[in-house]
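J.: Below is the file work.cif, which contains mmCIF, C-alpha atoms.
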data_model
#
loop_
_atom_site.group_PDB
_atom_site.id
_atom_site.type_symbol
_atom_site.label_atom_id
_atom_site.label_comp_id
_atom_site.auth_asym_id
_atom_site.auth_seq_id
_atom_site.Cartn_x
_atom_site.Cartn_y
_atom_site.Cartn_z
ATOM 1 C CA MET A 1 0.000 0.000 0.000
ATOM 2 C CA ASN A 2 1.253 3.485 -0.833
ATOM 3 C CA LEU A 3 1.358 6.308 1.660
ATOM 4 C CA ASN A 4 -1.714 8.539 1.516
ATOM 5 C CA ILE A 5 -0.626 11.725 3.239
ATOM 6 C CA ASP A 6 -4.243 12.921 3.343
ATOM 7 C CA CYS A 7 -5.042 9.929 5.552
ATOM 8 C CA ILE A 8 -2.164 10.843 7.892
ATOM 9 C CA ARG A 9 -3.458 14.413 8.101
ATOM 10 C CA ASP A 10 -7.028 13.234 8.746
ATOM 11 C CA ILE A 11 -5.823 10.889 11.490
ATOM 12 C CA LEU A 12 -3.879 13.704 13.156
ATOM 13 C CA LEU A 13 -6.748 16.198 12.929
ATOM 14 C CA SER A 14 -9.296 13.672 14.195
ATOM 15 C CA TYR A 15 -6.999 12.628 17.035
ATOM 16 C CA ASP A 16 -6.444 16.266 17.983
ATOM 17 C CA ALA A 17 -10.190 17.015 18.052
ATOM 18 C CA LEU A 18 -10.879 13.934 20.183
ATOM 19 C CA ASN A 19 -7.920 14.579 22.452
ATOM 20 C CA GLN A 20 -9.253 18.046 23.289
ATOM 21 C CA THR A 21 -12.641 16.679 24.378
ATOM 22 C CA GLN A 22 -11.589 13.434 26.039
ATOM 23 C CA LYS A 23 -8.340 12.839 27.850
ATOM 24 C CA GLU A 24 -8.372 9.073 27.481
ATOM 25 C CA VAL A 25 -6.531 6.834 25.078
ATOM 26 C CA ILE A 26 -8.184 6.996 21.655
ATOM 27 C CA SER A 27 -8.898 3.868 19.640
ATOM 28 C CA GLN A 28 -8.669 3.539 15.891
ATOM 29 C CA ARG A 29 -12.460 3.201 15.788
ATOM 30 C CA ASP A 30 -12.884 6.473 17.752
ATOM 31 C CA LEU A 31 -11.289 8.388 14.862
ATOM 32 C CA HIS A 32 -14.443 7.918 12.742
ATOM 33 C CA LEU A 33 -12.630 8.220 9.438
ATOM 34 C CA ASP A 34 -15.276 6.728 7.157
ATOM 35 C CA ALA A 35 -13.486 7.854 3.986
ATOM 36 C CA TYR A 36 -10.875 5.141 4.591
ATOM 37 C CA THR A 37 -11.018 1.403 5.195
ATOM 38 C CA ASP A 38 -9.868 -0.030 8.523
ATOM 39 C CA HIS A 39 -6.941 -1.565 6.651
ATOM 40 C CA GLU A 40 -5.869 1.855 5.277
ATOM 41 C CA ILE A 41 -6.110 3.509 8.680
ATOM 42 C CA THR A 42 -4.152 0.705 10.322
ATOM 43 C CA PHE A 43 -1.443 0.941 7.666
ATOM 44 C CA HIS A 44 -1.112 4.691 8.216
ATOM 45 C CA LEU A 45 -1.134 4.346 12.006
ATOM 46 C CA LYS A 46 1.740 1.882 11.643
ATOM 47 C CA GLN A 47 3.580 4.397 9.457
ATOM 48 C CA MET A 48 3.097 7.011 12.180
ATOM 49 C CA ASP A 49 4.389 4.555 14.769
ATOM 50 C CA LEU A 50 7.440 3.646 12.657
ATOM 51 C CA SER A 51 8.144 7.337 12.062
ATOM 52 C CA ASN A 52 8.036 8.064 15.797
ATOM 53 C CA CYS A 53 5.023 10.374 15.493
ATOM 54 C CA ALA A 54 2.875 8.642 18.082
ATOM 55 C CA SER A 55 2.863 6.152 20.907
ATOM 56 C CA MET A 56 0.491 3.316 19.964
ATOM 57 C CA LYS A 57 -0.659 -0.155 20.834
ATOM 58 C CA PHE A 58 -1.900 -2.365 18.012
ATOM 59 C CA SER A 59 -4.467 -5.123 18.165
ATOM 60 C CA GLU A 60 -2.956 -8.510 18.857
ATOM 61 C CA SER A 61 -6.145 -10.436 18.102
ATOM 62 C CA LEU A 62 -5.997 -13.231 15.578
ATOM 63 C CA THR A 63 -8.574 -11.255 13.616
ATOM 64 C CA TYR A 64 -7.336 -7.661 13.672
ATOM 65 C CA ASN A 65 -9.683 -5.450 15.692
ATOM 66 C CA PRO A 66 -9.569 -1.637 15.250
ATOM 67 C CA GLU A 67 -11.233 -1.277 18.653
ATOM 68 C CA GLU A 68 -8.097 -2.817 20.175
ATOM 69 C CA THR A 69 -5.707 -0.396 18.466
ATOM 70 C CA PHE A 70 -4.962 2.679 20.541
ATOM 71 C CA ILE A 71 -3.173 5.990 20.142
ATOM 72 C CA HIS A 72 -1.790 6.797 23.579
ATOM 73 C CA ASP A 73 -0.370 10.166 22.598
ATOM 74 C CA LEU A 74 1.590 12.043 19.974
ATOM 75 C CA THR A 75 5.315 12.417 20.356
ATOM 76 C CA ARG A 76 6.893 15.837 20.060
ATOM 77 C CA TYR A 77 7.611 14.926 16.451
ATOM 78 C CA GLY A 78 3.918 14.090 15.892
ATOM 79 C CA GLU A 79 2.789 17.287 17.607
ATOM 80 C CA ASP A 80 5.070 19.303 15.323
ATOM 81 C CA LEU A 81 3.645 17.535 12.276
ATOM 82 C CA LEU A 82 0.080 18.184 13.455
ATOM 83 C CA ALA A 83 0.846 21.872 13.983
ATOM 84 C CA ALA A 84 2.411 22.113 10.529
ATOM 85 C CA MET A 85 -0.575 20.402 8.883
ATOM 86 C CA GLN A 86 -3.217 22.649 10.466
ATOM 87 C CA ASP A 87 -3.192 25.104 7.564
ATOM 88 C CA GLU A 88 -4.934 23.259 4.732
ATOM 89 C CA ASN A 89 -3.812 25.653 1.983
ATOM 90 C CA THR A 90 -0.126 25.275 2.835
ATOM 91 C CA PHE A 91 -0.537 21.513 3.180
ATOM 92 C CA VAL A 92 -2.232 21.207 -0.238
ATOM 93 C CA GLU A 93 0.387 23.467 -1.847
ATOM 94 C CA PHE A 94 3.253 21.364 -0.531
ATOM 95 C CA LYS A 95 1.507 18.080 -1.295
ATOM 96 C CA GLU A 96 1.187 19.126 -4.942
ATOM 97 C CA ILE A 97 4.887 20.019 -5.050
ATOM 98 C CA ILE A 98 6.110 16.752 -3.538
ATOM 99 C CA ASP A 99 3.660 14.648 -5.588
ATOM 100 C CA SER A 100 4.926 16.266 -8.796
ATOM 101 C CA LYS A 101 8.565 15.522 -7.932
ATOM 102 C CA TYR A 102 8.356 12.101 -6.309
ATOM 103 C CA PRO A 103 6.028 9.295 -7.412
ATOM 104 C CA SER A 104 6.305 7.714 -3.968
ATOM 105 C CA TYR A 105 7.794 8.652 -0.625
ATOM 106 C CA ASN A 106 7.572 7.523 2.965
ATOM 107 C CA LEU A 107 6.358 9.508 5.948
ATOM 108 C CA GLU A 108 9.853 10.425 7.148
ATOM 109 C CA ILE A 109 10.711 11.936 3.769
ATOM 110 C CA PHE A 110 7.423 13.843 3.689
ATOM 111 C CA ILE A 111 7.959 15.228 7.191
ATOM 112 C CA TYR A 112 11.545 16.283 6.507
ATOM 113 C CA ALA A 113 10.660 17.898 3.173
ATOM 114 C CA TYR A 114 7.551 19.591 4.587
ATOM 115 C CA HIS A 115 9.461 21.160 7.453
ATOM 116 C CA SER A 116 12.163 22.290 5.014
ATOM 117 C CA PHE A 117 9.467 23.807 2.809
ATOM 118 C CA LEU A 118 7.933 25.639 5.770
ATOM 119 C CA SER A 119 11.342 26.865 6.956
ATOM 120 C CA THR A 120 12.257 28.186 3.546
ATOM 121 C CA ARG A 121 8.895 29.692 2.777
ATOM 122 C CA TYR A 122 7.792 31.024 6.145
ATOM 123 C CA GLY A 123 10.869 30.962 8.366
ATOM 124 C CA MET A 124 9.208 28.435 10.724
#
Could the structure of this file be written out as structure tokens, please?
T.:
Amino acid sequence: MNLNIDCIRDILLSYDALNQTQKEVISQRDLHLDAYTDHEITFHLKQMDLSNCASMKFSESLTYNPEETFIHDLTRYGEDLLAAMQDENTFVEFKEIIDSKYPSYNLEIFIYAYHSFLSTRYGM
């Protein structure tokens, strides 16, 4: 499966909205991201975990269960990514740039390039 950076952004925004209203651990099912399959969300949560964006626990059931997959919290790295992705116009602008230059990339490359873009463009 290829990285869908829109899914990563939607996960982060949904997590942030839930985290502000409830201070408990949030399950994959709590995200309510109906535009994506459970398999897609799980794949992208694993990418976030591998990229050190969040502290998570994944379902260990024989049949994978999204209700048993939890986001405990975002790391500082994940919080920085969430803050950078808040502005949809900037996110879409950069996404178009990176998509035009690279047919595929992983989350670490996206994060590094996005922060470089923001630093160059906005001095962030």
J.: Quick one: pull the distance between atom CA of Ile5 of chain A and atom CA of Asn106 of chain A, Å, one decimal.
T.: 9.2 Å
J.: Within 9 Å of segment 99-104 of chain A, counting only C-alpha atoms, which residues show up once you throw out same-chain ones fewer than 5 positions away? Write them as JSON, numbers by chain, please.
T.: {"A": [2, 3, 94]}
J.: Would you mind reading off the distance between atom CA of Arg76 of chain A and atom CA of Ile97 of chain A, one decimal, in Å?
T.: 25.5 Å
J.: Rank A:Leu12, A:Phe58, A:Pro66, A:Asn19 by their smallest atom-to-atom distance to His39 of chain A, using only C-alpha atoms, and report the top residue only.
T.: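 Answer, going by the shortest atom-to-atom distance: A:Pro66.
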J.: List the residues selected by the PyMOL selection byres ((chain A and resi 47) around 12) in the file shown, writing them as a short mmCIF file (atom, residue, chain, number, x, y, z; two decimals) with C-alpha atoms, in the frame of the given file.
T.:
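Full text of expr-v8.cif as output:
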data_model
loop_
_atom_site.label_atom_id
_atom_site.label_comp_id
_atom_site.auth_asym_id
_atom_site.auth_seq_id
_atom_site.Cartn_x
_atom_site.Cartn_y
_atom_site.Cartn_z
CA MET A 1 0.00 0.00 0.00
CA ASN A 2 1.25 3.48 -0.83
CA LEU A 3 1.36 6.31 1.66
CA ASN A 4 -1.71 8.54 1.52
CA ILE A 5 -0.63 11.72 3.24
CA CYS A 7 -5.04 9.93 5.55
CA ILE A 8 -2.16 10.84 7.89
CA ILE A 11 -5.82 10.89 11.49
CA GLU A 40 -5.87 1.86 5.28
CA ILE A 41 -6.11 3.51 8.68
CA THR A 42 -4.15 0.70 10.32
CA PHE A 43 -1.44 0.94 7.67
CA HIS A 44 -1.11 4.69 8.22
CA LEU A 45 -1.13 4.35 12.01
CA LYS A 46 1.74 1.88 11.64
CA MET A 48 3.10 7.01 12.18
CA ASP A 49 4.39 4.56 14.77
CA LEU A 50 7.44 3.65 12.66
CA SER A 51 8.14 7.34 12.06
CA ASN A 52 8.04 8.06 15.80
CA CYS A 53 5.02 10.37 15.49
CA ALA A 54 2.88 8.64 18.08
CA SER A 55 2.86 6.15 20.91
CA MET A 56 0.49 3.32 19.96
CA GLY A 78 3.92 14.09 15.89
CA TYR A 105 7.79 8.65 -0.62
CA ASN A 106 7.57 7.52 2.96
CA LEU A 107 6.36 9.51 5.95
CA GLU A 108 9.85 10.42 7.15
CA ILE A 109 10.71 11.94 3.77
CA PHE A 110 7.42 13.84 3.69
CA ILE A 111 7.96 15.23 7.19
#
J.: Report, as AutoDock Vina command-line options, the axis-aligned box around all atoms of segment 57-62 of chain A present in the file, extended by 8 Å on each side; give centre and edge lengths in Å to one decimal place.
T.:
--center_x -3.4 --center_y -6.7 --center_z 18.2 --size_x 21.5 --size_y 29.1 --size_z 21.3
J.: Which is closest to Lys95 of chain A among A:Leu62, A:Ala83, A:Ala113, A:Ala17, if we use all atoms listed in the file?
T.: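 Result for the nearest residue to Lys95 of chain A: A:Ala113.
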J.: Identify all residues satisfying the PyMOL selection byres ((chain A and resi 86) around 12) in the given file; provide them as a list in words.
T.: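 With the shown file as input, the PyMOL selection byres ((chain A and resi 86) around 12) matches Arg9, Asp10, Leu12, Leu13, Ser14, Asp16, Ala17, Glu79, Asp80, Leu81, Leu82, Ala83, Ala84, Met85, Asp87, Glu88, Asn89, Thr90, Phe91 and Val92 of chain A.
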J.: Mind giving me the straight-line distance from atom CA of Ile26 of chain A to atom CA of Phe70 of chain A in Å, one decimal?
T.: 5.5 Å
J.: Return the single residue from A:Tyr15, A:Glu60, A:His115, A:Thr75 that is closest to Asp30 of chain A, with distances computed using all atoms listed in the file.
T.: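 Answer, going by the shortest atom-to-atom distance: A:Tyr15.
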J.: Would you please work out which residue, of A:Glu67, A:Asp6, A:Lys57, A:Tyr122, is nearest to Arg29 of chain A when using all atoms listed in the file?
T.: A:Glu67
J.: Between A:Ile98, A:Tyr112, A:Asp73, A:Leu118, which is the closest to Gln20 of chain A once you count only C-alpha atoms?
T.: A:Asp73
J.: I need the residue set behind the PyMOL selection byres ((chain A and resi 25) around 7) for this file; please write it as a list of chain:residue names.
T.: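 On this input, the PyMOL selection byres ((chain A and resi 25) around 7) captures A:Lys23, A:Glu24, A:Ile26, A:Ser27, A:Phe70, A:Ile71, A:His72.
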